[in-house]
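Before any comments, here is the structure.
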Amino acid sequence: MALSNWVDLGVGLGLGVGIGWLFRSRQAGDSTPPQAEAISDGNEEPPQAELIQSIQKELKQTTAAYGMAAEMCGFKAGFLARVAHELRSPINGLIGSHQLILSDLCDDPAEEREVLNQANQSALQMVEMLDRILDVARTEHGSNPLTLEALQLAQVFEEVYYLTNLQAANRNISLKVLAPDPNLYVCADERWLVQVLVNLVDEAINPATYGSISINAQASPDTKFVWIWIDAPYPDEIWSEAVDLLQTEPGLDPPGRENGRVSLGLSLFMNHTIMELMQGRLEAMEIPPSVEAEPNIRRIQCSLPLTILEPAIPEQEGD
């Protein structure tokens with residue numbers, strides 16, 4: 001054989017031995033015992049389990065967001081239904097007055113002037129109603145921010161009594177305001193708190209012609225809230241309201257309600273909104289059996305954060 005042939009033979013044998021050794025070592029590395037593989041897989045969580053947990057977490061968050069959105073939609077829909085129901089009464093008054101004039105049903109200019117005066121009163125009632133609604137809406141939006149401060153509840157009760165006592169006396173209603181502890185303070189906006197309490201007392205005074213109204217307060221150190229109780233002869237609609245107010249007959253007001261007045265449902269709705277902005281609550285409750293009250297007396301509870309004032313440190317005079 002020539003020298004070149006011997007060289008080619010040696011190179012071929014070397015390549016064959018090297019490739020065979022590499023192949024055997026690769027097979028030995030892949031032949032890991034099944035138990036060892038199972039143990040190594042047990043130390044790490046499979047990617048599928050992590051994906052399932054992530055999907056479940058996102059599903060819970062989506063469900064909670066959907067529930068909140070549905071509740072807010074119902075809340076706003078109820079508000080729009082109440083406002084539409086309230087506006088129908090003065091609008092119907094305007095339409096009726098204009099129809100009398102356009103149909104030439106007035107006997108003389110004096111009667112025509114009286115009809116125009118009624119139309120003007122309906123327009124003023126509608127503007128006043130819209131002003132109240134817009135005032136609450138601006139406060140909720142933040143255009144008219146609240147001024148939350150420590151208020152002495154005894155002073156607030158005194159102002160509420162001053163604003164409602166004469167009206168209650170004209171209706172032969174006994175108004176009892178039990179003065180709370182002078183050291184009892186709540187965190188609230190003074191103007192809005194007085195307005196809410198006056199509205200709640202006013203809603204009890206106007207439909208009634210007799211009875212009694214009691215205003216009391218009690219602190220709850222455990223919950224860090226102050227409960228304000230208004231026990232009054234509220235009408236039955238405080239407990240229930242028409243599911244769809246738009247299905248009621250146009251121009252018909254609830255029994256005992258004066259024309260042009262905001263209904264109890266819308267009044268409670270706006271007062272409840274203000275109480276929530278002050279970190280409080282407004283609830284209609286049953287009177288406890290331990291409290292002696294007439295059968296027609298019902299209770300509204302206002303809850304506000306309790307404020308504990310720190311004692312003032314006297315200044316030390318210099319030598």
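Just so we're on the same page: first chain in the structure tokens is A, next is B, and so on; residues restart at 1 for each chain, and ligands are numbered from 1 in the order they show up.
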- Please provide as an MDAnalysis selection string all residues within 7 Å of A:Tyr210, with the sequence filter that same-chain residues fewer than 3 positions apart are discarded (counting only C-alpha atoms). chainID A and resid 171:173
Please report, as CSV, each residue of stretch 180-239 of chain A lying at most 12 Å from stretch 152-157 of chain A, together with the nearest pair of atoms and the separation in Å rounded to one decimal; use only C-alpha atoms, and order rows by chain and ascending residue number.
```
residue,atom,partner,partner_atom,distance
A:Pro180,CA,A:Ala154,CA,5.4
A:Asp181,CA,A:Ala154,CA,6.8
A:Pro182,CA,A:Ala154,CA,5.8
A:Asn183,CA,A:Gln152,CA,7.2
A:Leu184,CA,A:Leu153,CA,6.0
A:Tyr185,CA,A:Gln152,CA,4.6
A:Val186,CA,A:Leu153,CA,6.6
A:Cys187,CA,A:Gln152,CA,9.1
A:Ala188,CA,A:Gln152,CA,10.0
A:Asp189,CA,A:Val156,CA,10.8
A:Glu190,CA,A:Val156,CA,7.7
A:Arg191,CA,A:Val156,CA,9.6
A:Trp192,CA,A:Val156,CA,10.8
A:Leu193,CA,A:Val156,CA,8.0
A:Val194,CA,A:Val156,CA,6.5
A:Gln195,CA,A:Val156,CA,10.3
A:Val196,CA,A:Val156,CA,11.2
A:Leu197,CA,A:Phe157,CA,8.7
A:Val198,CA,A:Phe157,CA,9.8
A:Val201,CA,A:Phe157,CA,11.6
A:Ser214,CA,A:Phe157,CA,11.4
A:Ile215,CA,A:Phe157,CA,8.2
A:Asn216,CA,A:Phe157,CA,9.0
A:Ala217,CA,A:Leu153,CA,8.5
A:Gln218,CA,A:Leu153,CA,10.4
A:Ala219,CA,A:Leu153,CA,10.7
A:Val226,CA,A:Leu153,CA,9.6
A:Trp227,CA,A:Leu153,CA,10.9
A:Ile228,CA,A:Leu153,CA,9.6
A:Trp229,CA,A:Phe157,CA,11.7
A:Ile230,CA,A:Phe157,CA,11.5
```
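The space separating atom CA of A:Lys224 from atom CA of A:Pro305 comes to 6.1 Å.
Nearest to A:Pro145 of all the residues A:Leu264, A:Met278, A:Ala123, A:Ile300 is A:Met278, counting only C-alpha atoms.
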- Task: Tell me which protein, DNA and RNA residues are within 9 Å of stretch 128-133 of chain A, counting only C-alpha atoms, leaving out same-chain ones fewer than 2 positions away, and put them as a list in words.
- Result: Val83, Glu86, Leu87, Ala123, Leu124, Gln125, Met126, Asp135, Val136, Ala137, Arg138, Gly260, Arg261, Val262 and Met270 of chain A
- Which residue of A:Pro288, A:Ser220, A:Leu266, A:Gly93 approaches A:Leu304 most closely, using only C-alpha atoms: A:Ser220
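Taking atom CA of A:Phe269 and atom CA of A:Ser143 as the two end points, the separation is 19.6 Å.
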Near-stretch 118-122 of chain A list (9 Å; only C-alpha atoms; drop same-chain fewer than 5 positions) as a CSV table (one decimal) with all heavy atoms, in the first residue's frame:
```csv
chain,number,residue,atom,x,y,z
A,89,SER,N,-93.9,66.8,37.7
A,89,SER,CA,-94.9,67.5,38.4
A,89,SER,C,-94.9,69.0,38.0
A,89,SER,O,-95.9,69.6,37.5
A,89,SER,CB,-94.9,67.4,39.9
A,89,SER,OG,-95.9,68.1,40.5
A,90,PRO,N,-93.8,69.7,38.1
A,90,PRO,CA,-93.8,71.2,37.7
A,90,PRO,C,-93.9,71.3,36.2
A,90,PRO,O,-94.5,72.3,35.8
A,90,PRO,CB,-92.4,71.7,38.2
A,90,PRO,CG,-91.6,70.5,38.4
A,90,PRO,CD,-92.5,69.4,38.8
A,91,ILE,N,-93.4,70.4,35.4
A,91,ILE,CA,-93.5,70.5,34.0
A,91,ILE,C,-95.0,70.4,33.6
A,91,ILE,O,-95.5,71.1,32.7
A,91,ILE,CB,-92.6,69.5,33.3
A,91,ILE,CG1,-91.1,69.9,33.5
A,91,ILE,CG2,-92.9,69.4,31.8
A,91,ILE,CD1,-90.2,68.9,32.9
A,92,ASN,N,-95.7,69.4,34.2
A,92,ASN,CA,-97.1,69.2,33.9
A,92,ASN,C,-97.9,70.5,34.3
A,92,ASN,O,-98.9,70.8,33.6
A,92,ASN,CB,-97.6,68.0,34.6
A,92,ASN,CG,-97.2,66.7,33.9
A,92,ASN,OD1,-96.9,66.7,32.8
A,92,ASN,ND2,-97.1,65.7,34.7
A,93,GLY,N,-97.5,71.1,35.4
A,93,GLY,CA,-98.1,72.4,35.8
A,93,GLY,C,-97.9,73.5,34.7
A,93,GLY,O,-98.9,74.2,34.4
A,94,LEU,N,-96.7,73.6,34.2
A,94,LEU,CA,-96.5,74.5,33.1
A,94,LEU,C,-97.3,74.2,31.9
A,94,LEU,O,-97.9,75.1,31.3
A,94,LEU,CB,-95.0,74.5,32.7
A,94,LEU,CG,-94.0,75.2,33.7
A,94,LEU,CD1,-92.6,74.9,33.3
A,94,LEU,CD2,-94.2,76.7,33.6
A,95,ILE,N,-97.3,73.0,31.5
A,95,ILE,CA,-98.1,72.6,30.3
A,95,ILE,C,-99.6,72.8,30.5
A,95,ILE,O,-100.2,73.4,29.6
A,95,ILE,CB,-97.8,71.1,29.9
A,95,ILE,CG1,-96.3,70.9,29.6
A,95,ILE,CG2,-98.7,70.6,28.8
A,95,ILE,CD1,-96.0,69.4,29.4
A,96,GLY,N,-100.1,72.5,31.6
A,96,GLY,CA,-101.5,72.7,31.9
A,96,GLY,C,-101.9,74.2,31.8
A,96,GLY,O,-102.9,74.6,31.3
A,97,SER,N,-101.1,75.0,32.4
A,97,SER,CA,-101.4,76.5,32.4
A,97,SER,C,-101.3,77.0,31.0
A,97,SER,O,-102.2,77.8,30.6
A,97,SER,CB,-100.4,77.2,33.3
A,97,SER,OG,-100.4,76.7,34.7
A,98,HIS,N,-100.3,76.6,30.3
A,98,HIS,CA,-100.2,77.2,28.9
A,98,HIS,C,-101.4,76.7,28.0
A,98,HIS,O,-101.9,77.4,27.1
A,98,HIS,CB,-98.9,76.7,28.3
A,98,HIS,CG,-97.7,77.5,28.9
A,98,HIS,ND1,-96.6,76.9,29.3
A,98,HIS,CD2,-97.5,78.8,29.1
A,98,HIS,CE1,-95.7,77.8,29.8
A,98,HIS,NE2,-96.3,78.9,29.7
A,113,ARG,N,-104.2,86.0,34.0
A,113,ARG,CA,-103.0,86.4,34.8
A,113,ARG,C,-102.8,85.4,36.0
A,113,ARG,O,-101.7,85.1,36.3
A,113,ARG,CB,-103.2,87.8,35.4
A,113,ARG,CG,-102.0,88.4,36.1
A,113,ARG,CD,-102.2,89.8,36.5
A,113,ARG,NE,-101.1,90.3,37.2
A,113,ARG,CZ,-100.0,90.9,36.6
A,113,ARG,NH1,-100.0,91.0,35.2
A,113,ARG,NH2,-99.0,91.3,37.2
A,127,VAL,N,-86.9,75.1,39.2
A,127,VAL,CA,-85.6,75.7,39.3
A,127,VAL,C,-85.0,75.4,40.7
A,127,VAL,O,-83.8,75.0,40.9
A,127,VAL,CB,-85.6,77.2,39.0
A,127,VAL,CG1,-84.3,77.8,39.4
A,127,VAL,CG2,-85.9,77.4,37.5
A,260,GLY,N,-94.9,70.1,44.3
A,260,GLY,CA,-93.6,70.9,44.2
A,260,GLY,C,-92.6,70.5,45.2
A,260,GLY,O,-91.4,70.9,45.0
```
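The nearest approach to A:Cys302 among the residues A:Gln48, A:Gln56, A:Ser267, A:Gln279, with only C-alpha atoms taken into account, belongs to A:Gln279.
Comparing the minimum interatomic distances between A:Arg82 and each of A:Gln53, A:Ser263, A:Thr307, A:Asn117, counting only C-alpha atoms, we find that A:Ser263 sits nearest.
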- Figure out the distance between atom CA of A:His85 and atom CA of A:Glu112, please, to one decimal in Å. 28.1 Å
